[in-house]
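Worksheet: the structure to be examined is printed underneath.
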Amino acid sequence: MTKTIPPTTFDFLNRLKNNNNRDWFNNHKPEFKQLEKELKSFFTEVFNGLNEIDKVDKMKMFRIYRDVRFSHDKTPYKTHFGCSFHRLKPRLRGGYYIHITPNESFLATGFWNPNKQDLQRIREEFESDAGAFRKIINDSEFKKIWGALKGEEVKTAPKGFNRIHKNIDLIKKKQYFFTKKYSEEEVLSEGFFEETLTAFSATRPYLNYMSEILTKDLNGMPLYE
């Protein structure tokens with residue numbers, strides 16, 4: 001197992017970007033397979049580390065092959081590596097994500113694509129009260145690491161909600177996540193593993209609060225035994 005990102009990662013991805021075709025990739029398949037193996041080892045170490053501070057039941061390293069069936073861009077390969085980590089459902093919600101790509105690597109956490117039922121429940125909670133949520137995401141130490149809440153929004157207000165509600169900035173969101181960017185030098189450094197766990201650990205109050213929302217109804221009654 002390794003706790004560092006392979007030093008050849010960005011060089012390979014840059015060359016792949018400039019030669020994004022099957023002939024080049026097949027000629028460099030052994031190099032890719034070795035790099036993939038080492039990255040999976042790093043992600044597995046992160047998975048193990050997360051389980052020392054949280055309960056994570058699934059790790060998914062995404063394939064480098066693009067689905068081009070419905071895309072105008074027919075280049076066959078992604079030019080990044082990504083891995084997601086899912087918290088143990090049903091009581092723990094949300095997850096973590098690592099994205100490795102030249103000059104635009106980042107960590108992410110939160111709720112990228114909540115289902116319709118969960119999104120409605122979150123919005124109803126914020127319609128009722130968002131004070132505790134705002135306190136968590138506006139905490140100075142949290143903001144120093146993760147910055148502002150991100151996510152796509154509807155233009156005015158979701159159906160059934162008042163567009164001038166005091167918490168409409170939260171209610172109209174369709175996603176609730178945070179990202180933290182890193183330079184290539186930071187990603188390749190020996191400290192990136194610990195930095196990843198430290199950053200993810202700082203999101204526990206946020207993820208746990210959201211889990212409380214999604215495992216109880218508006219009256220505070222548990223939805224799960």
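Following the order of the structure tokens, first chain is A, next is B, and so on, with residues numbered from 1 inside each chain and ligands from 1 in the order they appear.
Secondary structure from DSSP on the backbone puts strand (DSSP E) at the following positions of region 102-134 of chain A: Ser105, Phe106, Leu107, Ala108, Thr109, Gly110 and Phe111 of chain A.
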All alpha helix (DSSP H) residues (DSSP, backbone) inside region 90-134 of chain A, as a PyMOL selection string = chain A and resi 116-128+131-134
Please provide the set of residues having any atom within 12 Å of Glu190 (chain A), restricted to only C-alpha atoms, with same-chain residues fewer than 4 positions apart removed, written as a PyMOL selection string.
-> chain A and resi 2-7+42+185-186+194-196
Neighbour list for region 94-103 of chain A as a ChimeraX atom specification, cut-off 10 Å, only C-alpha atoms, skip fewer than 3 positions in-chain | /A:5,9-14,17,39,43,46-47,50,56,58-61,78-89,106-114,176-185,187,196,200,203,206-208,210-211
May I have the residues within 10 Å of Pro205 (chain A) as a list of chain:residue names, using only C-alpha atoms and disregarding those fewer than 6 positions away in the same chain?
-> A:Phe133, A:Ile136, A:Ile137, A:Phe142, A:Ser211
May I ask which of the residues A:Glu153, A:Glu141, A:Glu124, A:Asp169 is the closest one to Ile213 (chain A), counting only C-alpha atoms?
->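 Counting only C-alpha atoms, the residue closest to Ile213 (chain A) is A:Glu124.
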